[in-house]
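Note sheet for the following structure.
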Amino acid sequence: MQHWLFKTEPETYSIADLEREGRCGWEGIRNYQARNRLRDEVAVGDPVLIYHSNCAEPAVVGLGEICGAARPDPFQFDPDSKYHDPKSTPEQPRWVLVDVAYRETFAKPLTLREIKADPLFADMELVSRSRLSIQKVAPEQFDAIVRQCRG
DNA sequence: GCCAACGTTGGC
DNA sequence: GCCAACGTTGGC
């Protein structure tokens, strides 16, 4: 089993939106390395930290779980979507999404500031590869984050 | 809103 | 296949 951290911009889709909907398709991933991970490595049942990016206080805010394996992202075929890709066809889809189920909203979100300040997290992709939106998290780091976030 | 980092595109 | 130009991400 692999542990993950998925980024989302809360103005677009927040942990509160996921809580309300119960589950969602994680659409709009348009980066090849992230796509490859979704397609080849993300598995149903994997736990996912939900991270709010590009906002006042970037932080790990909740917990989800993969509830659907990779499938073509339907927005790539929609000319009206900002995720439209004219080079993608239903016969040869370029982009995939996975489905994420809501699990938990953390009582104490762990901020990026706190993560950067803790040597335990120094080698996280969040620190070293900050622009990748589908990140792998080592199990012991994942557990430490969840523990801190539950207070 | 700025801008550094870095991924993608396309001419050659 | 190199690399300059360009676009996007995301912290600050």
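For the structure tokens, the naming scheme is as follows: chains receive sequential letters (A, B, ...) according to their order of presentation, residues are indexed from 1 within each chain, and ligands are indexed from 1 in presentation order.
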Residues within 12 Å of segment 14-27 of chain A, please, as JSON, numbers by chain. Count only C-alpha atoms (C1' of nucleotides); anything in the same chain fewer than 6 positions from it doesn't count. {"A": [6, 7, 8, 34, 35, 38, 48, 49, 50, 51, 52, 53, 54, 55, 58, 59, 60, 61, 62, 63, 64, 65, 66, 67, 68, 69, 70, 71, 72, 73, 74, 75, 76, 81, 82, 83, 84, 95, 96, 97, 98, 99, 100, 101, 102, 103, 104, 105, 106, 109, 133, 134]}
Can you list every residue in segment 11-115 of chain A that DSSP puts in strand (DSSP E or B), as number ranges by chain? A: 23-25, 47-52, 59-72, 96-111
Could you dump the residues just selected with N, CA, C and O atoms as a short mmCIF file (atom, residue, chain, number, x, y, z; two decimals), in the first residue's frame?
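Generated file (part.cif):
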data_model
loop_
_atom_site.label_atom_id
_atom_site.label_comp_id
_atom_site.auth_asym_id
_atom_site.auth_seq_id
_atom_site.Cartn_x
_atom_site.Cartn_y
_atom_site.Cartn_z
N ARG A 23 -17.65 11.77 -1.66
CA ARG A 23 -16.59 11.29 -2.55
C ARG A 23 -16.57 12.17 -3.79
O ARG A 23 -17.55 12.86 -4.08
N CYS A 24 -15.47 12.11 -4.55
CA CYS A 24 -15.42 12.92 -5.76
C CYS A 24 -14.38 12.35 -6.72
O CYS A 24 -13.49 11.61 -6.32
N GLY A 25 -14.53 12.69 -7.98
CA GLY A 25 -13.50 12.39 -8.97
C GLY A 25 -12.44 13.48 -8.89
O GLY A 25 -12.77 14.66 -8.93
N PRO A 47 -4.61 5.36 1.52
CA PRO A 47 -4.97 6.57 2.26
C PRO A 47 -4.34 7.82 1.64
O PRO A 47 -3.23 7.76 1.10
N VAL A 48 -5.05 8.93 1.74
CA VAL A 48 -4.63 10.18 1.08
C VAL A 48 -4.77 11.35 2.06
O VAL A 48 -5.86 11.60 2.59
N LEU A 49 -3.67 12.06 2.27
CA LEU A 49 -3.76 13.34 2.97
C LEU A 49 -4.27 14.39 2.00
O LEU A 49 -3.82 14.46 0.87
N ILE A 50 -5.23 15.19 2.44
CA ILE A 50 -5.76 16.28 1.62
C ILE A 50 -5.07 17.57 2.05
O ILE A 50 -5.08 17.91 3.25
N TYR A 51 -4.49 18.28 1.06
CA TYR A 51 -3.67 19.46 1.33
C TYR A 51 -4.25 20.66 0.60
O TYR A 51 -4.55 20.57 -0.60
N HIS A 52 -4.42 21.76 1.33
CA HIS A 52 -4.89 23.01 0.71
C HIS A 52 -3.69 23.83 0.25
O HIS A 52 -2.85 24.22 1.07
N ALA A 59 -1.86 24.00 4.16
CA ALA A 59 -1.82 23.02 5.25
C ALA A 59 -2.45 21.70 4.84
O ALA A 59 -3.28 21.63 3.94
N VAL A 60 -2.03 20.64 5.56
CA VAL A 60 -2.72 19.35 5.48
C VAL A 60 -3.99 19.50 6.32
O VAL A 60 -3.92 19.82 7.50
N VAL A 61 -5.15 19.27 5.71
CA VAL A 61 -6.41 19.60 6.38
C VAL A 61 -7.32 18.40 6.62
O VAL A 61 -8.28 18.51 7.38
N GLY A 62 -7.04 17.27 5.97
CA GLY A 62 -7.96 16.16 6.15
C GLY A 62 -7.43 14.86 5.59
O GLY A 62 -6.30 14.78 5.08
N LEU A 63 -8.28 13.85 5.68
CA LEU A 63 -7.91 12.50 5.27
C LEU A 63 -8.96 11.95 4.32
O LEU A 63 -10.18 12.12 4.55
N GLY A 64 -8.48 11.30 3.27
CA GLY A 64 -9.37 10.63 2.33
C GLY A 64 -8.85 9.25 2.03
O GLY A 64 -7.83 8.81 2.59
N GLU A 65 -9.56 8.54 1.15
CA GLU A 65 -9.15 7.19 0.76
C GLU A 65 -9.54 6.98 -0.69
O GLU A 65 -10.62 7.37 -1.12
N ILE A 66 -8.64 6.35 -1.44
CA ILE A 66 -8.93 6.06 -2.84
C ILE A 66 -10.09 5.06 -2.92
O ILE A 66 -10.01 3.98 -2.33
N CYS A 67 -11.14 5.44 -3.65
CA CYS A 67 -12.30 4.53 -3.73
C CYS A 67 -12.62 4.17 -5.19
O CYS A 67 -13.60 3.47 -5.45
N GLY A 68 -11.79 4.62 -6.13
CA GLY A 68 -11.99 4.26 -7.52
C GLY A 68 -10.68 4.37 -8.28
O GLY A 68 -9.98 5.38 -8.16
N ALA A 69 -10.32 3.33 -9.04
CA ALA A 69 -9.04 3.32 -9.77
C ALA A 69 -9.08 4.28 -10.95
O ALA A 69 -10.14 4.80 -11.32
N ALA A 70 -7.91 4.48 -11.56
CA ALA A 70 -7.77 5.45 -12.65
C ALA A 70 -8.72 5.14 -13.80
O ALA A 70 -8.88 4.00 -14.22
N ARG A 71 -9.35 6.21 -14.30
CA ARG A 71 -10.23 6.14 -15.48
C ARG A 71 -10.07 7.45 -16.22
O ARG A 71 -9.58 8.44 -15.64
N PRO A 72 -10.44 7.51 -17.50
CA PRO A 72 -10.25 8.76 -18.25
C PRO A 72 -10.98 9.92 -17.57
O PRO A 72 -12.11 9.78 -17.12
N VAL A 96 -6.08 10.96 -16.79
CA VAL A 96 -6.95 10.11 -15.97
C VAL A 96 -7.27 10.80 -14.65
O VAL A 96 -6.60 11.76 -14.25
N LEU A 97 -8.30 10.30 -14.00
CA LEU A 97 -8.58 10.71 -12.63
C LEU A 97 -8.81 9.47 -11.79
O LEU A 97 -9.06 8.39 -12.31
N VAL A 98 -8.72 9.63 -10.49
CA VAL A 98 -9.12 8.58 -9.55
C VAL A 98 -10.23 9.16 -8.68
O VAL A 98 -10.46 10.37 -8.68
N ASP A 99 -10.95 8.27 -7.98
CA ASP A 99 -12.00 8.74 -7.09
C ASP A 99 -11.52 8.68 -5.65
O ASP A 99 -10.86 7.74 -5.23
N VAL A 100 -11.88 9.74 -4.91
CA VAL A 100 -11.44 9.89 -3.52
C VAL A 100 -12.66 9.96 -2.61
O VAL A 100 -13.59 10.73 -2.89
N ALA A 101 -12.65 9.16 -1.55
CA ALA A 101 -13.73 9.19 -0.56
C ALA A 101 -13.31 10.02 0.64
O ALA A 101 -12.14 10.01 1.05
N TYR A 102 -14.27 10.75 1.21
CA TYR A 102 -14.01 11.52 2.43
C TYR A 102 -13.84 10.60 3.62
O TYR A 102 -14.57 9.62 3.77
N ARG A 103 -12.87 10.91 4.48
CA ARG A 103 -12.70 10.15 5.72
C ARG A 103 -12.78 11.03 6.96
O ARG A 103 -13.41 10.67 7.93
N GLU A 104 -12.09 12.18 6.91
CA GLU A 104 -11.92 12.94 8.15
C GLU A 104 -11.47 14.37 7.86
O GLU A 104 -10.71 14.59 6.92
N THR A 105 -11.97 15.31 8.66
CA THR A 105 -11.43 16.67 8.67
C THR A 105 -10.65 16.85 9.95
O THR A 105 -11.18 16.61 11.04
N PHE A 106 -9.38 17.26 9.84
CA PHE A 106 -8.53 17.30 11.02
C PHE A 106 -8.88 18.45 11.94
O PHE A 106 -9.15 19.58 11.49
N ALA A 107 -8.85 18.17 13.26
CA ALA A 107 -9.10 19.20 14.26
C ALA A 107 -8.00 20.25 14.21
O ALA A 107 -8.26 21.45 14.38
N LYS A 108 -6.76 19.79 13.99
CA LYS A 108 -5.62 20.72 13.97
C LYS A 108 -4.84 20.56 12.67
O LYS A 108 -3.90 19.76 12.61
N PRO A 109 -5.20 21.29 11.63
CA PRO A 109 -4.45 21.19 10.37
C PRO A 109 -2.96 21.44 10.60
O PRO A 109 -2.60 22.27 11.44
N LEU A 110 -2.14 20.70 9.88
CA LEU A 110 -0.68 20.88 10.00
C LEU A 110 -0.23 21.79 8.85
O LEU A 110 -0.34 21.42 7.69
N THR A 111 0.28 22.96 9.20
CA THR A 111 0.60 23.94 8.17
C THR A 111 1.92 23.62 7.48
O THR A 111 2.79 22.94 8.06
#
Which residues of chain C come within 9 Å of chain B, and what is each one's closest atom pair and distance in Å (one decimal), counting only C-alpha atoms (C1' of nucleotides), sorted by chain and residue number, as a tab-separated table?
residue	atom	partner	partner_atom	distance
C:DA5	C1'	B:DT9	C1'	8.7
C:DC6	C1'	B:DT9	C1'	8.0
C:DG7	C1'	B:DT8	C1'	8.0
C:DT8	C1'	B:DG7	C1'	8.2
C:DT9	C1'	B:DA5	C1'	8.8
C:DC12	C1'	B:DC2	C1'	8.9
May I have the selected residues written with C-alpha atoms (C1' of nucleotides), as a tab-separated table (two decimals), in the first residue's frame?
chain	number	residue	atom	x	y	z
C	5	DA	C1'	10.35	30.96	-25.10
C	6	DC	C1'	6.45	30.44	-22.78
C	7	DG	C1'	2.95	28.94	-19.33
C	8	DT	C1'	1.76	27.31	-14.70
C	9	DT	C1'	2.24	26.49	-9.82
C	12	DC	C1'	5.07	34.62	0.17
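Each of A:Leu120, A:Arg94, A:Tyr32, A:Arg150 was checked against chain B using only C-alpha atoms (C1' of nucleotides); the smallest atom-to-atom distance is that of A:Tyr32.
Interatomic distance, atom CA of Glu11 of chain A to atom CA of Asp40 of chain A: 28.9 Å.
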Calculate how many Å separate atom CA of Val44 of chain A from atom CA of Gln2 of chain A, rounding to one decimal. 10.1 Å
Please determine, counting only C-alpha atoms (C1' of nucleotides), which residue among A:Arg131, A:Arg37, A:Arg113, A:His3 has the shortest atom-to-atom distance to chain C. A:Arg131
Closest pair table for chain A residues within 12 Å of chain B, only C-alpha atoms (C1' of nucleotides), as JSON lines:
{"residue": "A:Arg30", "atom": "CA", "partner": "B:DG7", "partner_atom": "C1'", "distance": 10.6}
{"residue": "A:Asn31", "atom": "CA", "partner": "B:DG7", "partner_atom": "C1'", "distance": 8.1}
{"residue": "A:Tyr32", "atom": "CA", "partner": "B:DG7", "partner_atom": "C1'", "distance": 9.3}
{"residue": "A:Gln33", "atom": "CA", "partner": "B:DG7", "partner_atom": "C1'", "distance": 10.1}
{"residue": "A:Ala34", "atom": "CA", "partner": "B:DG7", "partner_atom": "C1'", "distance": 11.8}
{"residue": "A:Ser128", "atom": "CA", "partner": "B:DA5", "partner_atom": "C1'", "distance": 11.1}
{"residue": "A:Arg129", "atom": "CA", "partner": "B:DA5", "partner_atom": "C1'", "distance": 9.7}
{"residue": "A:Ser130", "atom": "CA", "partner": "B:DA5", "partner_atom": "C1'", "distance": 9.1}
{"residue": "A:Arg131", "atom": "CA", "partner": "B:DC6", "partner_atom": "C1'", "distance": 8.0}
{"residue": "A:Leu132", "atom": "CA", "partner": "B:DC6", "partner_atom": "C1'", "distance": 10.1}
What separation in Å, quoted to one decimal, exists between atom CA of Thr12 of chain A and atom CA of Asp78 of chain A? 18.2 Å
Using DSSP on the backbone, list every residue of chain A that comes out as alpha helix (DSSP H), and give them as a PyMOL selection string. chain A and resi 15-21+32-40+112-117+125-128+139-150
